[in-house]
Amino acid sequence: MATSIDVAADERVTTRPSTGGRAPQWGVRQWGMLIVVCGAMFLDALDNIMVGIAVPPIKAELGMSTASVQWVVSSYVLGFGGFLLLGGRMADLLGRRRVFLAAVAVFALGSLVGGIASDGTVLIVARFITGVGAAFTAPASLSIIVTTFTEGPQRNRALGIYTACGAVGYSTGVIAGGLLTELGWRWTFFLPVAVALAVLGGAFALVPRDPAYTGGPRNYDVVGATTVTAATLLLVYDIVEAPTKGWLAPRTLGLFAVAVALFALFVVTERRAASPLLRLGLLRNRSLVGASLAAAAILGTYMSFQFIGGLYMQSLRGWSPLEMAFGFLPIGLLIATIAPRVGVLVSRFGPTWMIFAGFVAYTASYLLFWGIGESSSYWWAILPSVVLIGIAFPFSFPAANVLATAGVADEEQGLAAGVLQTGYQVGAAIVLAVVTATMSTDDASQGHAAALTSYHHGMYVVTGISVLTMLVALVAALRGNARRRAAA
């Protein structure tokens with residue numbers, strides 16, 4: 001968990017010149033650029049939730065097995081998580097605008113191929129390509145925002161809006177996914193193509209060109225890029241497969257050992273490289289490392305909660321995908337409402353206190369969800385947890401982004417964004433895999449009582465991770481206060 005959250009980042013974020021309580025004033029072009037770049041966050045959320053809802057009809061129409069159809073989702077995670085560090089560094093070296101445009105185009109291409117696929121293998125490959133596009137888009141978009149808006153209230157506000165766009169994508173996706181799946185699952189692939197083309201056109205017009213590169217000859221660390229990408233791909237693949245193959249199976253342990261060896265080779269390579277892909281000194285930035293670990297807990301616990309909640313609503317309670325979508329809808333609505341305004345709170349209290357406040361709400365949400373039963377009322381057993389997550393996410397997610405990017409030089413913002421996004425994605429994969437391992441693998445055959453027990457076991461793990469992160473964030477926040485008092 002976030003054991004190394006850097007309290008100095010709170011001081012950098014909260015000691016900027018006062019704006020007199022007024023929100024930063026941006027021009028039309030700045031607003032337009034921000035909305036277009038935030039469209040990448042919207043697109044990722046929209047695509048993920050819609051394709052997840054469409055999995056059952058995809059399985060039926062393409063004749064895929066349960067084991068193979070899960071790769072429609074997992075291959076995207078593999079491509080996304082595996083290429084984030086490379087994507088972030090390429091944004092710094094090749095130019096953020098250039099990488100953003102190319103990556104959105106790749107995303108659109110992958111979605112288009114997925115929509116016209118008539119074979120399960122082609123669809124899985126298309127989803128992997130889409131994930132690779134997202135892996136380059138995510139750090140490029142975040143670094144564009146960070147290098148455009150001044151550190152402090154302006155950046156905090158922009159990152160809040162960035163989070164809100166993801167929530168709008170989520171909210172739109174849960175409803176559109178249910179409706180479009182009724183028309184045909186292919187529409188859940190074609191809609192992201194249209195959105196990606198709109199983002200691409202807007203980016204051409206509104207995202208400013210990168211300043212001329214002045215860092216000398218561009219020496220690309222091919223060995224470092226190859227080893228870290230292979231290591232991350234292998235690690236994510238091993239995590240995704242471990243619940244079905246067995247955590248202590250020779251295959252699982254062997255792949256993990258190879259991944260560790262590749263990471264070790266990457267470290268040795270980076271120490272010797274004249275122009276390393278990842279300057280190892282960046283990992284001594286405690287705020288970046290701490291934010292990445294907090295990010296792992298944020299997305300890991302939330303995705304696990306959504307996974308368990310979805311099983312509970314659909315498998316045990318018999319809800320339709322659209323009914324489940326409306327059940328989770330308040331999360332997206334609350335995030336979209338709160339996130340644009342949370343920048344003021346981050347500026348006032350600092351990102352570490354906001355992460356702590358977020359995990360207080362997460363923990364309360366997960367504890368309340370322990371009360372689910374075979375015939376529980378939505379209004380009393382599910383809605384309170386949903387509402388608390390809708391508050392926790394806009395408190396913690398923008399704060400982690402602020403914490404990770406505070407004090408990082410502009411020429412390394414893409415790489416810092418890649419490290420942070422890797423924390424989100426790999427953390428989500430690890431936590432979800434651990435949660436899945438604690439649950440029964442065949443709930444339906446064991447009856448509702450056994451299924452409910454397995455959901456509770458999964459929620460115990462989710463809650464434990466949330467409590468641990470909350471306590472570590474509290475310690476870091478208190479240390480920050482003590483440092484500021486000592487300095488005063």
# chains A, B, ... in the order shown; residues from 1 in each chain; ligands from 1
$ residues_around --residues "range 94-108 of chain A" --least-positions-apart "4" --cutoff "6 Å" --atoms "only C-alpha atoms" --output "PyMOL selection string"
chain A and resi 90+130+133+136-137+140+193+196+210
$ closest_atom_pairs --of "range 72-162 of chain A" --to "range 275-294 of chain A" --cutoff "10 Å" --atoms "only C-alpha atoms" --output "tab-separated table"
residue	atom	partner	partner_atom	distance
A:Leu85	CA	A:Leu278	CA	8.1
A:Leu86	CA	A:Leu277	CA	7.6
A:Gly88	CA	A:Leu277	CA	9.6
A:Arg89	CA	A:Leu277	CA	6.5
A:Met90	CA	A:Leu277	CA	8.8
A:Leu93	CA	A:Leu277	CA	9.7
$ write_last_selection --atoms "C-alpha atoms" --output "CSV table (one decimal), in the first residue's frame"
chain,number,residue,atom,x,y,z
A,85,LEU,CA,6.0,2.8,-19.2
A,86,LEU,CA,7.0,2.7,-22.8
A,88,GLY,CA,4.9,7.5,-21.1
A,89,ARG,CA,8.5,7.7,-22.1
A,90,MET,CA,7.7,8.0,-25.8
A,93,LEU,CA,10.8,11.8,-26.3
$ closest_residue --among "A:Ser171, A:Gln314, A:Asn156, A:Ser141" --to "Ile331 in chain A" --atoms "only C-alpha atoms"
A:Ser171
$ atom_distance --atom1 "CA of Thr469 in chain A" --atom2 "CA of Ala259 in chain A"
26.3 Å
$ closest_residue --among "A:Leu233, A:Leu316, A:Leu46, A:Leu388" --to "Ala364 in chain A" --atoms "only C-alpha atoms"
A:Leu388
$ residues_around --residues "Ala54 in chain A" --least-positions-apart "6" --cutoff "9 Å" --atoms "only C-alpha atoms" --output "PyMOL selection string"
chain A and resi 177-178+180-181+184-186+188+321
$ write_last_selection --atoms "N, CA and C atoms" --output "CSV table (one decimal), in the first residue's frame"
chain,number,residue,atom,x,y,z
A,177,GLY,N,-24.1,0.8,-22.8
A,177,GLY,CA,-23.8,-0.6,-22.9
A,177,GLY,C,-25.0,-1.5,-22.8
A,178,GLY,N,-25.8,-1.3,-21.9
A,178,GLY,CA,-27.0,-2.1,-21.7
A,178,GLY,C,-28.0,-1.9,-22.9
A,180,LEU,N,-27.2,-0.7,-26.1
A,180,LEU,CA,-26.6,-1.2,-27.3
A,180,LEU,C,-26.5,-2.7,-27.4
A,181,THR,N,-26.3,-3.3,-26.3
A,181,THR,CA,-26.2,-4.8,-26.3
A,181,THR,C,-27.5,-5.4,-26.7
A,184,GLY,N,-27.3,-5.2,-30.4
A,184,GLY,CA,-26.3,-6.1,-30.9
A,184,GLY,C,-24.9,-5.7,-30.3
A,185,TRP,N,-24.2,-6.6,-29.9
A,185,TRP,CA,-22.9,-6.3,-29.2
A,185,TRP,C,-21.9,-5.5,-30.0
A,186,ARG,N,-22.0,-5.6,-31.3
A,186,ARG,CA,-21.0,-4.9,-32.2
A,186,ARG,C,-21.2,-3.4,-32.0
A,188,THR,N,-21.4,-1.8,-29.4
A,188,THR,CA,-20.5,-1.4,-28.2
A,188,THR,C,-19.1,-1.2,-28.7
A,321,PRO,N,-28.5,-6.9,-17.3
A,321,PRO,CA,-27.4,-6.0,-17.4
A,321,PRO,C,-27.8,-4.5,-17.3
$ closest_residue --among "A:Ser466, A:Ser377, A:Thr269, A:Thr337" --to "Ile298 in chain A" --atoms "only C-alpha atoms"
A:Ser466
$ atom_distance --atom1 "CA of Ile35 in chain A" --atom2 "CA of Leu142 in chain A"
12.2 Å
$ atom_distance --atom1 "CA of Leu420 in chain A" --atom2 "CA of Leu333 in chain A"
24.9 Å
$ closest_residue --among "A:Leu183, A:Leu452, A:Val222, A:Cys165" --to "Leu311 in chain A" --atoms "only C-alpha atoms"
A:Leu452
$ closest_residue --among "A:Gly358, A:Val346, A:Gly458, A:Ser375" --to "Gln154 in chain A" --atoms "only C-alpha atoms"
A:Val346
$ residues_around --residues "Val77 in chain A" --least-positions-apart "3" --cutoff "10 Å" --atoms "only C-alpha atoms" --output "PyMOL selection string"
chain A and resi 48+71-74+80-82+127-128+130-132+134-135+233+236-237+240+425-426+428-429
$ residues_around --residues "range 261-267 of chain A" --least-positions-apart "5" --cutoff "7 Å" --atoms "only C-alpha atoms" --output "VMD selection string"
chain A and resid 224 227 to 228 231
$ write_last_selection --atoms "C-alpha atoms" --output "compact mmCIF listing (two decimals), in the first residue's frame"
# COMPACT_ATOMS: atom_id res chain seq x y z
CA GLY A 224 15.37 -1.24 -21.68
CA THR A 227 12.87 -5.89 -21.18
CA VAL A 228 10.45 -3.75 -19.13
CA ALA A 231 8.44 -8.16 -17.94
$ select_by_dssp --residues "range 262-330 of chain A" --states "helix (DSSP H, G or I)" --output "PyMOL selection string"
chain A and resi 262-272+280-284+286-316+321-330
$ residues_around --residues "Ile372 in chain A" --least-positions-apart "5" --cutoff "10 Å" --atoms "only C-alpha atoms" --output "PyMOL selection string"
chain A and resi 309+312+377-378+380-382+452+455-456
$ write_last_selection --atoms "C-alpha atoms" --output "short mmCIF file (atom, residue, chain, number, x, y, z; two decimals), in the first residue's frame"
data_model
loop_
_atom_site.label_atom_id
_atom_site.label_comp_id
_atom_site.auth_asym_id
_atom_site.auth_seq_id
_atom_site.Cartn_x
_atom_site.Cartn_y
_atom_site.Cartn_z
CA GLY A 309 -21.36 -6.36 -6.88
CA TYR A 312 -24.30 -10.42 -6.69
CA SER A 377 -33.22 -4.22 -0.44
CA TYR A 378 -31.23 -2.16 -2.97
CA TRP A 380 -30.58 -0.19 2.23
CA ALA A 381 -27.94 -2.78 1.32
CA ILE A 382 -26.45 -1.52 -1.96
CA LEU A 452 -23.06 -15.25 -0.82
CA TYR A 455 -18.82 -12.68 -2.01
CA HIS A 456 -18.27 -11.93 1.67
#
$ closest_residue --among "A:Val461, A:Ile145, A:Val408, A:Ala399" --to "Met33 in chain A" --atoms "only C-alpha atoms"
A:Ile145
$ residues_around --residues "range 475-484 of chain A" --least-positions-apart "3" --cutoff "6 Å" --atoms "only C-alpha atoms" --output "ChimeraX atom specification"
/A:7,352-353,472,487
$ write_last_selection --atoms "N, CA and C atoms" --output "compact mmCIF listing (two decimals), in the first residue's frame"
# COMPACT_ATOMS: atom_id res chain seq x y z
N VAL A 7 5.19 13.64 2.06
CA VAL A 7 4.47 14.78 2.63
C VAL A 7 4.90 16.09 2.00
N THR A 352 -2.49 14.33 0.26
CA THR A 352 -2.43 13.20 1.17
C THR A 352 -3.66 13.13 2.07
N TRP A 353 -4.10 14.29 2.57
CA TRP A 353 -5.32 14.31 3.38
C TRP A 353 -6.54 13.92 2.55
N VAL A 472 -2.10 4.16 6.46
CA VAL A 472 -0.82 4.67 5.98
C VAL A 472 -0.96 6.12 5.52
N ALA A 487 8.52 23.77 10.38
CA ALA A 487 9.06 24.80 9.49
C ALA A 487 8.57 26.17 9.88
$ decode --residues "range 266-294 of chain A" --atoms "N, CA and C atoms" --output "compact mmCIF listing (two decimals), in the first residue's frame"
# COMPACT_ATOMS: atom_id res chain seq x y z
N PHE A 266 16.27 -5.29 -16.56
CA PHE A 266 15.91 -3.92 -16.90
C PHE A 266 16.64 -2.92 -16.01
N VAL A 267 16.70 -3.20 -14.70
CA VAL A 267 17.38 -2.31 -13.76
C VAL A 267 18.87 -2.21 -14.11
N VAL A 268 19.48 -3.35 -14.38
CA VAL A 268 20.90 -3.35 -14.75
C VAL A 268 21.12 -2.55 -16.03
N THR A 269 20.22 -2.73 -16.99
CA THR A 269 20.34 -2.01 -18.27
C THR A 269 20.22 -0.51 -18.06
N GLU A 270 19.25 -0.10 -17.23
CA GLU A 270 19.02 1.33 -17.02
C GLU A 270 20.19 2.00 -16.29
N ARG A 271 20.85 1.26 -15.43
CA ARG A 271 22.02 1.82 -14.73
C ARG A 271 23.18 2.10 -15.68
N ARG A 272 23.26 1.33 -16.76
CA ARG A 272 24.40 1.45 -17.67
C ARG A 272 24.07 2.28 -18.91
N ALA A 273 22.78 2.48 -19.19
CA ALA A 273 22.39 3.14 -20.44
C ALA A 273 22.71 4.63 -20.39
N ALA A 274 23.21 5.16 -21.52
CA ALA A 274 23.49 6.59 -21.59
C ALA A 274 22.20 7.41 -21.56
N SER A 275 21.16 6.91 -22.21
CA SER A 275 19.85 7.58 -22.22
C SER A 275 18.80 6.55 -21.82
N PRO A 276 18.65 6.29 -20.52
CA PRO A 276 17.76 5.21 -20.08
C PRO A 276 16.30 5.53 -20.36
N LEU A 277 15.52 4.45 -20.58
CA LEU A 277 14.08 4.61 -20.73
C LEU A 277 13.48 5.17 -19.44
N LEU A 278 13.91 4.65 -18.31
CA LEU A 278 13.44 5.09 -17.00
C LEU A 278 14.64 5.50 -16.17
N ARG A 279 14.76 6.79 -15.90
CA ARG A 279 15.82 7.26 -15.00
C ARG A 279 15.49 6.74 -13.60
N LEU A 280 16.33 5.84 -13.09
CA LEU A 280 16.01 5.18 -11.83
C LEU A 280 15.90 6.16 -10.67
N GLY A 281 16.56 7.31 -10.80
CA GLY A 281 16.44 8.32 -9.76
C GLY A 281 15.01 8.82 -9.59
N LEU A 282 14.21 8.70 -10.66
CA LEU A 282 12.81 9.13 -10.57
C LEU A 282 12.05 8.31 -9.53
N LEU A 283 12.47 7.05 -9.36
CA LEU A 283 11.81 6.18 -8.40
C LEU A 283 12.19 6.51 -6.96
N ARG A 284 13.14 7.45 -6.79
CA ARG A 284 13.42 7.94 -5.44
C ARG A 284 12.48 9.08 -5.07
N ASN A 285 11.64 9.49 -6.01
CA ASN A 285 10.60 10.49 -5.74
C ASN A 285 9.50 9.81 -4.94
N ARG A 286 9.50 10.01 -3.64
CA ARG A 286 8.59 9.28 -2.76
C ARG A 286 7.13 9.63 -3.03
N SER A 287 6.87 10.86 -3.47
CA SER A 287 5.48 11.21 -3.76
C SER A 287 4.97 10.43 -4.95
N LEU A 288 5.81 10.22 -5.98
CA LEU A 288 5.40 9.44 -7.15
C LEU A 288 5.17 7.98 -6.78
N VAL A 289 6.11 7.39 -6.05
CA VAL A 289 5.97 6.00 -5.66
C VAL A 289 4.77 5.81 -4.73
N GLY A 290 4.63 6.71 -3.76
CA GLY A 290 3.50 6.61 -2.84
C GLY A 290 2.17 6.77 -3.55
N ALA A 291 2.09 7.73 -4.49
CA ALA A 291 0.85 7.93 -5.24
C ALA A 291 0.54 6.70 -6.09
N SER A 292 1.56 6.07 -6.66
CA SER A 292 1.33 4.88 -7.49
C SER A 292 0.81 3.71 -6.66
N LEU A 293 1.32 3.57 -5.44
CA LEU A 293 0.83 2.51 -4.56
C LEU A 293 -0.60 2.82 -4.09
N ALA A 294 -0.87 4.09 -3.80
CA ALA A 294 -2.24 4.47 -3.46
C ALA A 294 -3.17 4.22 -4.64
